[in-house]
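Participant: Below you'll find the structure I mean.
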Amino acid sequence: MTDDTHTMKVTATEAALELIEQLKTRHSADLLFHQSGGCCDGSAPMCYPVGDYLVGDNDVLIGSVGGLPFYMNADQYERWRHTDLIIDAIPGIGGMFSLENGTGKRFLTRSEVCVI
């Protein structure tokens with residue numbers, strides 16, 4: 001018998017938490033994350049000021065990282081729901097629409113598949 005009750009969770013590394021704190025200070029606004037499903041910036045966690053990204057009826061609140069809500073599109077959530085996400089910050093260029101762009105670091109999603 002399998003247990004199909006695992007709910008995706010999201011956590012962050014120390015490097016990601018430090019970058020989040022820098023962005024909170026720099027932008028002094030409420031911020032949120034949305035896991036991009038592709039398109040312009042690939043599949044990256046994107047950080048936006050609340051109001052710049054309009055959370056829709058088709059977005060799922062996964063949890064929070066660094067005190068910021070973390071959303072994902074419902075279709076993507078269905079494909080990834082047995083995967084826990086770990087948000088990291090590594091050297092590089094951030095997504096063109098994400099707030100870490102220009103800091104010399106970018107957010108990266110690492111994953112851990114959960115066997116149920």
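How things are named: the first chain in the structure tokens is A, the next is B, and so on; residues count from 1 in each chain; ligands count from 1 in the order shown.
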Neighbouring residues of stretch 83-94 of chain A were defined as those with any atom within 7 Å, considering only C-alpha atoms; residues of the same chain fewer than 3 positions away were excluded. Please report them as a list in words.
Facilitator: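 Final neighbour list, sorted by chain and number: Met8, Lys9, Val10, Thr11, Ala12, Thr13, Ala15, Ala16, Trp80, Ser98, Glu100, Asn101, Gly102, Gly104, Lys105, Arg106, Phe107, Leu108, Thr109, Arg110, Ser111, Glu112, Val113 and Cys114 of chain A.
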Participant: Quick one: residues within 10 Å of A:Ala29, only C-alpha atoms counted, chain neighbours fewer than 6 positions away excluded, as a ChimeraX atom specification?
Facilitator: /A:23,48-51
Participant: Any chance you can output those residues with C-alpha atoms as a compact mmCIF listing (two decimals), in the first residue's frame?
Facilitator:
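Ended up saving to selection_3.txt:
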# COMPACT_ATOMS: atom_id res chain seq x y z
CA LEU A 23 16.52 42.19 -1.28
CA TYR A 48 9.00 40.07 -7.18
CA PRO A 49 7.50 42.93 -5.21
CA VAL A 50 3.95 42.04 -4.20
CA GLY A 51 1.75 43.66 -6.83
Participant: For a quick check of understanding, using only C-alpha atoms, which of A:Thr103, A:Gly37, A:Asn58, A:Glu18 has the smallest distance to A:Gln76?
Facilitator: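 Distance minimum relative to A:Gln76 lands on A:Gly37.
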Participant: Enumerate, as a VMD selection string, the complete set of residues in chain A that a backbone-based DSSP assignment places in strand (DSSP E).
Facilitator: chain A and resid 10 to 12 31 to 35 45 to 49 59 to 65 68 to 73 83 to 91 105 to 113
Participant: How about saving the chosen residues, C-alpha atoms kept, as a PDB file, in the first residue's frame?
Facilitator:
ATOM      1  CA  VAL A  10       9.995  24.497   0.157  1.00  0.00           C
ATOM      2  CA  THR A  11      13.087  25.420   2.181  1.00  0.00           C
ATOM      3  CA  ALA A  12      16.091  27.667   1.582  1.00  0.00           C
ATOM      4  CA  LEU A  31       8.076  40.483  -1.745  1.00  0.00           C
ATOM      5  CA  LEU A  32       7.029  37.073  -3.028  1.00  0.00           C
ATOM      6  CA  PHE A  33       8.457  34.140  -4.964  1.00  0.00           C
ATOM      7  CA  HIS A  34       6.970  32.370  -7.946  1.00  0.00           C
ATOM      8  CA  GLN A  35       8.573  29.244  -9.383  1.00  0.00           C
ATOM      9  CA  PRO A  45      12.495  30.851  -8.659  1.00  0.00           C
ATOM     10  CA  MET A  46      11.620  34.473  -9.342  1.00  0.00           C
ATOM     11  CA  CYS A  47      11.392  37.161  -6.642  1.00  0.00           C
ATOM     12  CA  TYR A  48       8.996  40.069  -7.182  1.00  0.00           C
ATOM     13  CA  PRO A  49       7.496  42.933  -5.207  1.00  0.00           C
ATOM     14  CA  ASP A  59      -1.290  29.508  -8.539  1.00  0.00           C
ATOM     15  CA  VAL A  60      -0.668  27.308  -5.497  1.00  0.00           C
ATOM     16  CA  LEU A  61       0.932  28.609  -2.291  1.00  0.00           C
ATOM     17  CA  ILE A  62       3.625  26.016  -1.513  1.00  0.00           C
ATOM     18  CA  GLY A  63       4.965  27.628   1.659  1.00  0.00           C
ATOM     19  CA  SER A  64       7.405  30.386   2.454  1.00  0.00           C
ATOM     20  CA  VAL A  65      11.153  31.030   2.316  1.00  0.00           C
ATOM     21  CA  LEU A  68       8.218  35.374   1.706  1.00  0.00           C
ATOM     22  CA  PRO A  69       5.311  33.423   0.234  1.00  0.00           C
ATOM     23  CA  PHE A  70       6.331  30.932  -2.455  1.00  0.00           C
ATOM     24  CA  TYR A  71       3.900  30.139  -5.298  1.00  0.00           C
ATOM     25  CA  MET A  72       3.835  27.762  -8.238  1.00  0.00           C
ATOM     26  CA  ASN A  73       1.396  27.268 -11.120  1.00  0.00           C
ATOM     27  CA  THR A  83       9.280  16.852  -4.912  1.00  0.00           C
ATOM     28  CA  ASP A  84      10.567  19.054  -2.111  1.00  0.00           C
ATOM     29  CA  LEU A  85      12.209  22.276  -3.274  1.00  0.00           C
ATOM     30  CA  ILE A  86      15.378  23.793  -1.841  1.00  0.00           C
ATOM     31  CA  ILE A  87      15.983  27.395  -2.900  1.00  0.00           C
ATOM     32  CA  ASP A  88      19.656  28.277  -3.160  1.00  0.00           C
ATOM     33  CA  ALA A  89      21.631  31.368  -4.241  1.00  0.00           C
ATOM     34  CA  ILE A  90      24.698  30.895  -6.416  1.00  0.00           C
ATOM     35  CA  PRO A  91      27.000  33.242  -8.345  1.00  0.00           C
ATOM     36  CA  LYS A 105      23.881  36.111  -7.562  1.00  0.00           C
ATOM     37  CA  ARG A 106      20.870  34.194  -8.771  1.00  0.00           C
ATOM     38  CA  PHE A 107      18.296  31.983  -7.138  1.00  0.00           C
ATOM     39  CA  LEU A 108      18.328  28.323  -8.099  1.00  0.00           C
ATOM     40  CA  THR A 109      15.834  25.581  -7.312  1.00  0.00           C
ATOM     41  CA  ARG A 110      17.280  22.282  -6.199  1.00  0.00           C
ATOM     42  CA  SER A 111      14.923  19.383  -5.683  1.00  0.00           C
ATOM     43  CA  GLU A 112      14.581  16.221  -3.717  1.00  0.00           C
ATOM     44  CA  VAL A 113      12.124  13.599  -4.949  1.00  0.00           C
TER      45      VAL A 113
END
